[in-house]
Each structure stands twice: as C-alpha cells, then as structure tokens.
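Asks: Below is the structure I would like to discuss, written out as structure tokens.
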2 protein chains.
Amino acid sequence: MPNIDLADERYRVQSVARAAALLELVADAGPQGLGVTEMAQGLGVAKSTALSLARTLAAAGLLRGLEVGARYGLGLNLLRLGDLASQQTSIGELGLPVLHELSRSTGMTARLAVNEKGYPIFLERVDGGGPVRFHAPLGQREEPHCTAAGKAILAQMDEADVRRLISEAGMRVHTPKTLSSIEDLLGDLERVRQVGFAIDDEEESEGVFCAGAAFFDHQGRCAGALSVTDLKLDVPLREIQALGLTVREHAERLSMILSGSSRTARR
Amino acid sequence: MPNIDLADERYRVQSVARAAALLELVADAGPQGLGVTEMAQGLGVAKSTALSLARTLAAAGLLRGLEVGARYGLGLNLLRLGDLASQQTSIGELGLPVLHELSRSTGMTARLAVNEKGYPIFLERVDGGGPVRFHAPLGQREEPHCTAAGKAILAQMDEADVRRLISEAGMRVHTPKTLSSIEDLLGDLERVRQVGFAIDDEEESEGVFCAGAAFFDHQGRCAGALSVTDLKLDVPLREIQALGLTVREHAERLSMILSGSSRTARR
DNA sequence: GTCCGAAGTTCGGTATTACAGAACACAAGT
DNA sequence: ACTTGTGTTCTGTAATACCGAACTTCGGAC
C-alpha cells in the first residue's frame, strides 16, 4: 500500500500497528485461520508476542478462536464495525435505497463505490436475482483503468491528474480487451463524458461487463460511482447502451439526494 | 459485555486493548466522529495517548480522519475485514444463496444468524423489494427472548440451559406483547418445537413481526437460524403460518447444505 | 509403544516504548 | 483582546511489551 499520507511516522504505537498488521494477516489466511507460529513468522516477532496480540484481539472480538486447534480467524465484531462504517459514511447510508432500486430495475448486481483519491472503493453491494453471484469484495480499492466505476470517476478528473494517478497505479492487463495505453484510456474517458456513463466490456474479467456512472456531492465534486455487473452472455450488446442510461439516471438521483434535501431524517 | 470467557486476563497487551476500546467508542459516536479530547475522556487516558492510538489506527485504515476538523470516524478497512469475516465464517458464505432465495420468494427482508452460546448474531441480511427498509444491524448480538431467530435457537436447547441463559440475559420488555415470564417463554418454545418455526409477533418492536427457523450443522447441533421480517400491516394474520413453513423449508435446505455435500466448491 | 518433532504455552529479565503531563499553537466565541 | 476550548508537540520516567529459553502437549512415524 503505497499512499497512506496520514501515516505520520511519529506517534506510532508499535503494538497497535502490529495488531493491525495481524488482522490483515489473518484476513489473507482464509477460513482455516492462523496459528501462533505462522503469525509470529508473518509479523517477524517472537511466538509469545504473537500470542499476546492474538489473545488481546480475541478478547475484543476482533479475532476469534477457531474450534479446531488453537487457530484464529477474523472475529464477528468486525462485522458489526464494518456495517457501522458503511452507515456512518453517509453516502453509504443515503445511497442504499437507490442501489436497491437500481438492482431491482435491472435485475443485476449493483454496487456503490466512493471516490478515494481517484480510486473506487466499494461500500455497498446488492445482488441481483439471477443464479450467478459475483464474489465482489467490499471495502477493497479496485483499479481505476479497467472498471466501470473507476473510469466513471476518472472521467471527472482533469487530464493531468489522470496521468499522475495512472502513473502511480499502473495499467495492469487482465484480458485482451484491457486498455493498456494512457492514450486509449483518455480517449475512452472523453467518450464517457459525452454519454454520461462508463462501460467495462470484459476489460477486467472475461465474460463479464459493467456499466457505471459517477455521482456528486453538495459541492459538485465527484463523490463516487454506481455500477451494475452481469455476464455478457445474458445481455445482448445493444442493450448495454440502455443499461448505461439507467445507471446514469440512478446516479443522478443519488446526486440530488446528496446535494440538496436537508431531509436527512435520522432515526 | 459480561461474558467474554476467552478473556484471559493474562497476556493482555494494554495498548492493543485500548485501541480496540477506542474502535468501539468511535463506533458508538456516530457519523460525526470523535475528537481526541473525547477519546481521552472515554478511555480514561491522556490526550497525547489517545492521539497516538488514533493516528496508529488511522494509518492502518481502521479509523479515518474526517474532513471537518481533526475528528475520527470508522475506517473503510473495517468494511473489507467485516466482509471477509462473514465469508470466512463458512455458514455465512454457504447460507447466502439460500437467504437470497428466501428473500425473493417471500418478498421480505431475510436474515441469517449464527448461534453464539444461545444468542443470535446476524451475519447476513438481504433486503426485500418493498419500500420499507429495516435498520437491522449486522454483527450485533440480539436478545434471545423477543426475536424469532433467538427463540428458534432457544427451542433447540434443553430447559436448564434456557433458564441459565435467560437469567443471565434477562427479559427486557419492549412492547406490551413481549414475553416477560420464563414460564410463558418455555411454553412458547414448546410450541416452536411442534411446528418447527418461531414467531415474534410485535414482541420486540410494535407493528413488526418476524418468523424464524433453526438450521443445523453436520453434527446435528443448532448452528443458527434464518428469519424474515416485515410490517404486520402488510401481511394478513393467517398468512403468517404459511410464512413460517417457508422459512422452515429454507432452513432445512441450509441444514442439508451444511451437513452433507462435500460439494463446497471454492472459487 | 516409544520417540521424535512441531505445535502451543509459560515465565522472568531487560531495555524499549508507551504513557502522562505540561507547555504550545490555534481557533472561535464573548 | 481575553478566554476557553480545541488539537499538537515534547521530554522524562517507569511501566510494559518484547524476546528467548524452558516447558507442555499432541500426533505421527518408526
């Protein structure tokens, strides 16, 4: 993770930083969890240190002792905190009804991403009714150049910023259709601005397409993007344009909600 | 929180425990976040200590600096970790398709809870299509005596365990219909066992009802419960029985998945 | 059945590190 | 301008987090 600009090296509490690293380590380990020896290796600390950290995190519900052996997995308290985090990011809370409506009217998996320095971070996900379920993780920073939400956000930035961001993020090639030159990307972004939505046509994953559109906060700044995803087989090519318009309409509705209306009724 | 039996007081690392407490504090603070002074008061530490903890957590993405002032809210990394936590709890992962199907076929908000020592903890939620959206938090431990999922789980325990649990958890009265005596509750649980599903008829919230049914893991132990929720106005009384059966059927399907079928295809 | 190895756990000494508190800076309200 | 509340910086000190070595437990392999 290159860019944590808040990361003032001063005032870092070592054991807390290690504990956070341990959470990441366990998250990467998958369902079978980690034992203290593996933790110690992964963190580069003594086994006894890893044990203390794990026990402390477990007492707080951030880790949980797994049935089998003395292994540790992610704790259920993380669920609660994650759920709260999306609610407290008022975009997540306000956008959820729009997202449901988008998913219902298209029958597809719909997602909401916020704009974090040009990268899309997916806050919410509503699955469509179909048999296919996309394993789309929440909270993860996705690549800008090959996702519909990413390109919808990029299209709102000026060219210099796009160039800077891409030079940092790179343009990893995932499929034959992935845009691999900055010029191609800039051309596509121009098209996005004209029609008001972005298309990812098997650029990130073969057989899968997305349509995305940006939404804006009360200051008119690009706050994030909505997108829908489906298998390309299921959707005739000529329908994708109509789909893009639907996503754009919903994004516009969300922009309205975020900008005006102090009817932010709290319950 | 009275019962954290894994909380071995030995091997607790102070700063990590404080950091975890800080996360809870910020979670309770709501969308406007917390400043360092409030943190310091809430934790009972010096301001400088609170600042160090907050900065460290922010560098790890567990907190994030809010735009306005130098206040801190929950970080977006918690989203990712929470999402992973529900996936890694294989019940959540395996149950999600069933949950979608339950929500689709009833048109109602459906939830999946795991059984944690008799308490229901909701892992997954799929909203129904209706205009009403329930503010049902994930990851939270709910009360056993006044929720459909809770009673569905209690009905699988023997009487002595139920009495012990209730004496610990209490029977807080929420509405006029809340069961307030242990005898009434035990009677209801007997009824639950006969029909195979539990009903919460405005016992936790006025105007809202739930139907829930337990599901079982490969050892035949009660692993959790499914439930559906809706406004009572929208559902004729006589339909609730049919609804209970639908929930029970889905719970049985989930039990099948959890018990047999090593077709746990990973993707 | 016994031995080995690798896992988790315990414990105590040491110096690293987290902590408190006081001083500073900055803002907004009176 | 003064006051009162922020958040931030700094430094000394003692508490504490850390390591490492010894111990225990478990499960195969021979």
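Going through the structure tokens in order, the chains are called A, B, and so on, while each chain numbers its residues from 1 and the ligands are numbered from 1 in the order shown.
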I need the contact residues of chain D against chain A, so if you could list those with any atom within 12 Å, counting only C-alpha atoms (C1' of nucleotides), and return them as number ranges by chain, that would help.
Replies: D: 8-10, 16-21, 25-26
Asks: Skip Ile182 in chain A itself and residues of its chain fewer than 5 positions away, then list as an NGL selection string all residues within 10 Å of it, counting only C-alpha atoms (C1' of nucleotides).
Replies: :A and (145 or 162-163 or 166-167 or 170-171 or 187-188)
Asks: Up to 10 Å from chain C, what residues of chain A turn up? Count only C-alpha atoms (C1' of nucleotides) and give them as a tab-separated table (two decimals) with N, CA and C atoms, in the first residue's frame.
Replies:
```tsv
chain	number	residue	atom	x	y	z
A	11	TYR	N	4.42	9.26	16.51
A	11	TYR	CA	3.25	8.85	17.27
A	11	TYR	C	2.71	7.51	16.86
A	12	ARG	N	3.55	6.64	16.34
A	12	ARG	CA	3.00	5.32	16.06
A	12	ARG	C	3.18	4.43	17.27
A	13	VAL	N	2.13	3.77	17.66
A	13	VAL	CA	2.20	2.82	18.76
A	13	VAL	C	2.53	1.46	18.18
A	14	GLN	N	3.69	0.96	18.52
A	14	GLN	CA	4.19	-0.24	17.87
A	14	GLN	C	3.24	-1.43	17.99
A	15	SER	N	2.79	-1.69	19.21
A	15	SER	CA	1.99	-2.90	19.40
A	15	SER	C	0.65	-2.80	18.69
A	35	GLY	N	-2.26	-20.13	13.05
A	35	GLY	CA	-1.73	-20.48	14.36
A	35	GLY	C	-0.68	-19.49	14.79
A	36	VAL	N	-0.28	-19.52	16.04
A	36	VAL	CA	0.65	-18.52	16.55
A	36	VAL	C	1.99	-18.57	15.85
A	37	THR	N	2.42	-19.75	15.47
A	37	THR	CA	3.72	-19.84	14.82
A	37	THR	C	3.72	-19.10	13.49
A	47	LYS	N	7.11	-15.83	19.11
A	47	LYS	CA	5.82	-16.51	19.23
A	47	LYS	C	5.02	-15.97	20.41
A	48	SER	N	5.71	-15.71	21.51
A	48	SER	CA	5.00	-15.25	22.70
A	48	SER	C	4.35	-13.90	22.44
A	51	LEU	N	1.26	-14.44	20.42
A	51	LEU	CA	0.19	-15.00	21.26
A	51	LEU	C	-0.50	-13.90	22.06
A	69	GLY	N	-8.10	-26.89	16.94
A	69	GLY	CA	-6.78	-26.44	17.35
A	69	GLY	C	-6.84	-25.07	17.98
A	70	ALA	N	-5.71	-24.42	18.09
A	70	ALA	CA	-5.66	-23.09	18.67
A	70	ALA	C	-5.40	-22.09	17.57
A	71	ARG	N	-6.23	-22.14	16.55
A	71	ARG	CA	-6.05	-21.23	15.43
A	71	ARG	C	-7.02	-20.07	15.56
```
Asks: In Å, rounded to a single decimal, give me how far CA of Ser90 in chain B is from CA of Ser259 in chain B.
Replies: 12.2 Å
Asks: Given a cut-off of 7 Å, which residues of chain A touch chain B, counting only C-alpha atoms, written out as a ChimeraX atom specification?
Replies: /A:4,6-7,11-13,15-17,19-20,27,30-31,52-53,55-56,59-60,74-86,88-89,137-140
Asks: Please produce a file of those selected residues containing C-alpha atoms, as a PDB file, in the first residue's frame.
Replies:
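File out36.pdb, as written:
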```pdb
ATOM      1  CA  ILE A   4      -1.086   6.488   3.269  1.00  0.00           C
ATOM      2  CA  LEU A   6      -1.904  10.396   7.005  1.00  0.00           C
ATOM      3  CA  ALA A   7       0.718   7.956   8.133  1.00  0.00           C
ATOM      4  CA  TYR A  11       3.249   8.850  17.272  1.00  0.00           C
ATOM      5  CA  ARG A  12       3.000   5.320  16.060  1.00  0.00           C
ATOM      6  CA  VAL A  13       2.203   2.821  18.762  1.00  0.00           C
ATOM      7  CA  SER A  15       1.991  -2.900  19.400  1.00  0.00           C
ATOM      8  CA  VAL A  16      -1.175  -1.425  17.905  1.00  0.00           C
ATOM      9  CA  ALA A  17       0.412  -1.260  14.475  1.00  0.00           C
ATOM     10  CA  ALA A  19      -2.044  -5.828  15.938  1.00  0.00           C
ATOM     11  CA  ALA A  20      -3.481  -4.175  12.841  1.00  0.00           C
ATOM     12  CA  ALA A  27      -7.746 -11.850   6.725  1.00  0.00           C
ATOM     13  CA  GLY A  30      -8.691 -17.573   4.676  1.00  0.00           C
ATOM     14  CA  PRO A  31     -11.218 -19.679   6.525  1.00  0.00           C
ATOM     15  CA  SER A  52      -0.311 -11.908  23.412  1.00  0.00           C
ATOM     16  CA  LEU A  53      -1.536  -9.883  20.462  1.00  0.00           C
ATOM     17  CA  ARG A  55      -5.339 -13.144  22.792  1.00  0.00           C
ATOM     18  CA  THR A  56      -5.918  -9.441  23.221  1.00  0.00           C
ATOM     19  CA  ALA A  59     -10.861 -10.710  23.900  1.00  0.00           C
ATOM     20  CA  ALA A  60     -12.079  -7.698  21.943  1.00  0.00           C
ATOM     21  CA  LEU A  74     -11.497 -12.959  11.970  1.00  0.00           C
ATOM     22  CA  GLY A  75     -13.904 -12.080  14.767  1.00  0.00           C
ATOM     23  CA  LEU A  76     -17.565 -11.338  14.490  1.00  0.00           C
ATOM     24  CA  ASN A  77     -17.155  -7.876  15.959  1.00  0.00           C
ATOM     25  CA  LEU A  78     -15.596  -6.888  12.648  1.00  0.00           C
ATOM     26  CA  LEU A  79     -18.952  -7.485  11.025  1.00  0.00           C
ATOM     27  CA  ARG A  80     -20.613  -5.000  13.297  1.00  0.00           C
ATOM     28  CA  LEU A  81     -17.873  -2.423  12.883  1.00  0.00           C
ATOM     29  CA  GLY A  82     -17.854  -2.828   9.119  1.00  0.00           C
ATOM     30  CA  ASP A  83     -21.596  -2.462   8.917  1.00  0.00           C
ATOM     31  CA  LEU A  84     -21.415   0.676  11.051  1.00  0.00           C
ATOM     32  CA  ALA A  85     -18.570   2.049   8.972  1.00  0.00           C
ATOM     33  CA  SER A  86     -20.678   1.935   5.838  1.00  0.00           C
ATOM     34  CA  GLN A  88     -21.537   6.295   9.108  1.00  0.00           C
ATOM     35  CA  THR A  89     -20.184   7.127   5.722  1.00  0.00           C
ATOM     36  CA  PRO A 137     -15.469  -7.832  -2.101  1.00  0.00           C
ATOM     37  CA  LEU A 138     -16.458  -4.745  -0.172  1.00  0.00           C
ATOM     38  CA  GLY A 139     -14.014  -2.173   1.137  1.00  0.00           C
ATOM     39  CA  GLN A 140     -11.361  -3.064  -1.396  1.00  0.00           C
TER      40      GLN A 140
END
```
Asks: Take CA of Ala251 in chain A and CA of Gly224 in chain A and report the distance between them in Å, one decimal.
Replies: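 Distance between the two atoms: 9.3 Å.
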Asks: Write down as a ChimeraX atom specification the residues of range 152-239 of chain A whose backbone DSSP state falls under helix (DSSP H, G or I).
Replies: /A:152-154,159-169,182-195,232-234,239
Asks: Calculate how many Å separate CA of Cys210 in chain B from CA of Val228 in chain B, rounding to one decimal.
Replies: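 According to the coordinates, CA of Cys210 in chain B and CA of Val228 in chain B are separated by 5.5 Å.
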Asks: DSSP on the backbone, then: every residue of range 27-244 of chain B marked strand (DSSP E), written as a VMD selection string.
Replies: chain B and resid 63 to 65 72 to 74 109 to 116 119 to 126 198 to 201 208 to 216 222 to 231
